[in-house]
Amino acid sequence: MSVLVYIDTLGGNIAKNAMEAVTYGSKIGSTTVVTNGPISNDALASLGNYGASKVLVDRSITVNDSSQITNLIATAVESTGADTVIISLDLTGRAVASRVSARLKAGLAVGAIALPEGDGHIKVNVFSGKAYGHVKINTAKKIIALTPNSIPVETTGGSAAVEDFNGNAGASTVIVKEVKKQEGDVLLPEAELVVSGGRGLKGPENWGMVEDLAKVLGAATACSRPVADIGWRPHHEHVGQTGVAIRPNLYIAAGISGAIQHLAGVNGSKVIVVINTDPEAPFFKAADYGIVGDAFDVLPKLKAEIEKFKAQN
Ligand SMILES: Cc1cc2nc3c(=O)[nH]c(=O)nc-3n(C[C@H](O)[C@H](O)[C@H](O)COP(=O)(O)OP(=O)(O)OC[C@H]3O[C@@H](n4cnc5c(N)ncnc54)[C@H](O)[C@@H]3O)c2cc1C
């Protein structure tokens, strides 16, 4: 099979979800990557380490313009003759996957969380992660939109050939007025561990407890939507149906009720720990470990115990 993987490198680096998409593609067939962005050839060549044999880069696309990126992917499919396109469901992927599907008249599996099975069925997340579906694409060209953090990155030790590529992108109609970079040591969409706070933490002045615990764990911080809406925390930390969807190995939620819209963004987490004063809080139904208690008491104790454990091990 001939596979084309689109990755977004506009940030100038290769994100973990891009490595996952290339790993995924290379498990299906011979993989070419297509991208755009201000990124070095060395960084692009390193995609060979995840199984890509070639990388096509169109550096004329300098903004996140889904119309240009759709043109780029469609041109690359034509040029490479790829029969399968892999797109990670990051912000860019969510915008372009269905456009590419319409352009190529290719069936689209949205939210893949596993490799295609022997009979061609692909397991996907449906209803905001509350259930699984098995879909089969019957068109000759196939598009698989991959859920981030659903498959492990694998390395091969290889290096990819990098080629400049004209994606026939056309002129951009997008004007970028301001770019705000996410702050913090660990980026939320890529984090393996996340500590999150909700309205139960009463105010922004109490977030030190969340940040302190996150720091000892090497975790990213997150929050519920009202917390970002009130301005206690930045919007890029808001997780859920209308925020970032994450699938970390560990999600610690303090003072969050567990509304369905919040769960939609975190219920793919491998282990969920919930801290809430209300034993009837709905989040406990989704939790692997539940602590009925006051976050103001529990978070500092958790931090102290982890520090103690680290000192002894
Ligand atoms: C269309 C739509 C989309 C939405 N999208 C999102 C989304 O993407 N993400 C999202 O998060 N929400 C979303 N919401 C909002 C969602 O419905 C909830 O209102 C929201 O998640 C509640 O936030 P919360 O749990 O922080 O606050 P609350 O519901 O106020 O819950 C606070 C919790 O803290 C507990 N608590 C109080 N004091 C303490 C303490 N000292 N220690 C421990 N626990 C304590 C309480 O028992 C309570 O369970 C959306 C809503 C709509 C309608």
# chains A, B, ... in the order shown; residues from 1 in each chain; ligands from 1
>>> residues_near_ligand(ligand="ligand 1", cutoff="8 Å", atoms="only C-alpha atoms and all ligand atoms", output="VMD selection string")
chain A and resid 197 to 202 223 to 227 238 to 244 254 to 265 275 to 279 281 to 283 292 to 297
>>> residues_around(residues="A:Tyr132", least_positions_apart="6", cutoff="10 Å", atoms="only C-alpha atoms", output="list of chain:residue names")
A:Gly111, A:Ala112, A:Ile113, A:Lys123, A:Val124, A:Asn125, A:Val126
>>> residues_around(residues="stretch 68-76 of chain A", least_positions_apart="5", cutoff="6 Å", atoms="only C-alpha atoms", output="PyMOL selection string")
chain A and resi 100+167+169
>>> write_last_selection(atoms="C-alpha atoms", output="PDB file, in the first residue's frame")
ATOM      1  CA  VAL A 100      -9.571  16.393   1.691  1.00  0.00           C
ATOM      2  CA  GLY A 167       1.643  21.823  -3.446  1.00  0.00           C
ATOM      3  CA  ALA A 169      -1.583  25.787  -2.659  1.00  0.00           C
TER       4      ALA A 169
END
>>> residues_around(residues="A:Met209", least_positions_apart="2", cutoff="8 Å", atoms="only C-alpha atoms", output="ChimeraX atom specification")
/A:206-207,211-213,296,299-300
>>> closest_residue(among="A:Thr139, A:Asn168, A:Ser26, A:Asn267", to="A:Gly48", atoms="only C-alpha atoms")
A:Ser26
>>> select_by_dssp(residues="stretch 14-229 of chain A", states="alpha helix (DSSP H)", output="JSON, numbers by chain")
{"A": [16, 17, 18, 19, 20, 21, 22, 23, 24, 25, 26, 27, 28, 41, 42, 43, 44, 45, 66, 67, 68, 69, 70, 71, 72, 73, 74, 75, 76, 77, 78, 79, 80, 91, 92, 93, 94, 95, 96, 97, 98, 99, 100, 101, 102, 103, 104, 208, 209, 210, 211, 212, 213, 214, 215, 216, 217, 225, 226, 227, 228, 229]}
>>> closest_residue(among="A:Asn41, A:Thr32, A:Thr155, A:Ser98", to="A:Ser66", atoms="only C-alpha atoms")
A:Ser98
>>> closest_residue(among="A:Arg247, A:Lys142, A:Arg233, A:Lys54", to="A:Leu104", atoms="only C-alpha atoms")
A:Lys142
>>> residues_around(residues="A:Gly11", least_positions_apart="3", cutoff="9 Å", atoms="only C-alpha atoms", output="PyMOL selection string")
chain A and resi 8+14-15+37-39
>>> closest_atom_pairs(of="stretch 106-163 of chain A", to="stretch 55-58 of chain A", cutoff="8 Å", atoms="only C-alpha atoms", output="tab-separated table")
residue	atom	partner	partner_atom	distance
A:Ala160	CA	A:Val55	CA	6.5
A:Ala161	CA	A:Val55	CA	6.1
A:Val162	CA	A:Val55	CA	4.7
A:Glu163	CA	A:Leu56	CA	5.0
>>> write_last_selection(atoms="all heavy atoms", output="PDB file, in the first residue's frame")
ATOM      1  N   ALA A 160      14.832   9.945   6.494  1.00  0.00           N
ATOM      2  CA  ALA A 160      14.025  10.113   5.279  1.00  0.00           C
ATOM      3  C   ALA A 160      14.669  11.101   4.318  1.00  0.00           C
ATOM      4  O   ALA A 160      15.349  12.040   4.745  1.00  0.00           O
ATOM      5  CB  ALA A 160      12.627  10.597   5.666  1.00  0.00           C
ATOM      6  N   ALA A 161      14.446  10.897   3.019  1.00  0.00           N
ATOM      7  CA  ALA A 161      14.898  11.874   2.013  1.00  0.00           C
ATOM      8  C   ALA A 161      13.911  13.045   2.033  1.00  0.00           C
ATOM      9  O   ALA A 161      12.700  12.841   2.096  1.00  0.00           O
ATOM     10  CB  ALA A 161      14.886  11.208   0.642  1.00  0.00           C
ATOM     11  N   VAL A 162      14.456  14.273   2.006  1.00  0.00           N
ATOM     12  CA  VAL A 162      13.587  15.459   2.065  1.00  0.00           C
ATOM     13  C   VAL A 162      13.615  16.158   0.706  1.00  0.00           C
ATOM     14  O   VAL A 162      14.682  16.409   0.148  1.00  0.00           O
ATOM     15  CB  VAL A 162      14.067  16.433   3.165  1.00  0.00           C
ATOM     16  CG1 VAL A 162      13.161  17.666   3.235  1.00  0.00           C
ATOM     17  CG2 VAL A 162      14.109  15.729   4.520  1.00  0.00           C
ATOM     18  N   GLU A 163      12.418  16.468   0.176  1.00  0.00           N
ATOM     19  CA  GLU A 163      12.344  17.131  -1.144  1.00  0.00           C
ATOM     20  C   GLU A 163      11.436  18.340  -1.061  1.00  0.00           C
ATOM     21  O   GLU A 163      10.363  18.276  -0.456  1.00  0.00           O
ATOM     22  CB  GLU A 163      11.732  16.173  -2.179  1.00  0.00           C
ATOM     23  CG  GLU A 163      12.660  15.117  -2.664  1.00  0.00           C
ATOM     24  CD  GLU A 163      11.940  14.173  -3.645  1.00  0.00           C
ATOM     25  OE1 GLU A 163      10.883  14.529  -4.196  1.00  0.00           O
ATOM     26  OE2 GLU A 163      12.455  13.060  -3.811  1.00  0.00           O
TER      27      GLU A 163
END
>>> atom_distance(atom1="atom CA of A:Ile252", atom2="atom CA of A:Glu190")
15.6 Å
>>> residues_around(residues="A:Leu108", least_positions_apart="2", cutoff="8 Å", atoms="only C-alpha atoms", output="PyMOL selection string")
chain A and resi 97-98+101+106+110+137+142-145
>>> write_last_selection(atoms="N, CA and C atoms", output="mmCIF file, in the first residue's frame")
data_model
loop_
_atom_site.group_PDB
_atom_site.id
_atom_site.type_symbol
_atom_site.label_atom_id
_atom_site.label_comp_id
_atom_site.auth_asym_id
_atom_site.auth_seq_id
_atom_site.Cartn_x
_atom_site.Cartn_y
_atom_site.Cartn_z
ATOM 1 N N ALA A 97 -9.324 17.281 7.332
ATOM 2 C CA ALA A 97 -9.613 15.882 6.968
ATOM 3 C C ALA A 97 -10.864 15.759 6.087
ATOM 4 N N SER A 98 -11.956 16.406 6.491
ATOM 5 C CA SER A 98 -13.191 16.257 5.704
ATOM 6 C C SER A 98 -13.089 17.003 4.375
ATOM 7 N N SER A 101 -11.276 14.721 2.118
ATOM 8 C CA SER A 101 -12.166 13.618 1.771
ATOM 9 C C SER A 101 -13.104 14.033 0.634
ATOM 10 N N ALA A 106 -12.931 10.501 -1.390
ATOM 11 C CA ALA A 106 -12.366 9.345 -0.671
ATOM 12 C C ALA A 106 -13.107 9.169 0.650
ATOM 13 N N VAL A 110 -13.058 8.755 10.767
ATOM 14 C CA VAL A 110 -12.685 9.811 11.717
ATOM 15 C C VAL A 110 -12.498 9.234 13.109
ATOM 16 N N ILE A 137 -13.870 1.485 4.965
ATOM 17 C CA ILE A 137 -13.928 2.431 3.849
ATOM 18 C C ILE A 137 -13.935 1.628 2.560
ATOM 19 N N LYS A 142 -8.474 6.092 0.529
ATOM 20 C CA LYS A 142 -8.990 6.049 1.903
ATOM 21 C C LYS A 142 -8.306 7.121 2.740
ATOM 22 N N ILE A 143 -9.075 7.745 3.615
ATOM 23 C CA ILE A 143 -8.479 8.720 4.533
ATOM 24 C C ILE A 143 -8.747 8.253 5.958
ATOM 25 N N ILE A 144 -7.678 8.198 6.743
ATOM 26 C CA ILE A 144 -7.836 7.805 8.147
ATOM 27 C C ILE A 144 -7.404 8.982 9.002
ATOM 28 N N ALA A 145 -8.347 9.503 9.788
ATOM 29 C CA ALA A 145 -8.036 10.609 10.701
ATOM 30 C C ALA A 145 -7.806 10.000 12.080
#
>>> select_by_dssp(residues="stretch 24-114 of chain A", states="strand (DSSP E or B)", output="PyMOL selection string")
chain A and resi 30-36+52-57+84-88+107-112
>>> closest_residue(among="A:Pro204, A:Pro234, A:Gly170, A:Gly290", to="A:Ser60", atoms="only C-alpha atoms")
A:Gly170
>>> atom_distance(atom1="atom CA of A:Phe309", atom2="atom CA of A:Leu250")
17.4 Å
>>> residues_around(residues="A:Lys270", least_positions_apart="3", cutoff="12 Å", atoms="only C-alpha atoms", output="ChimeraX atom specification")
/A:149-150,192-194,246-252,266-267,273,286-289
>>> closest_residue(among="A:Arg103, A:Pro148, A:Ser67, A:Lys215", to="A:Ala171", atoms="only C-alpha atoms")
A:Ser67
>>> atom_distance(atom1="atom CA of A:Leu187", atom2="atom CA of A:Ala214")
12.1 Å
>>> closest_residue(among="A:Ala114, A:Val5, A:Ala52, A:Val210", to="A:Ile86", atoms="only C-alpha atoms")
A:Val5
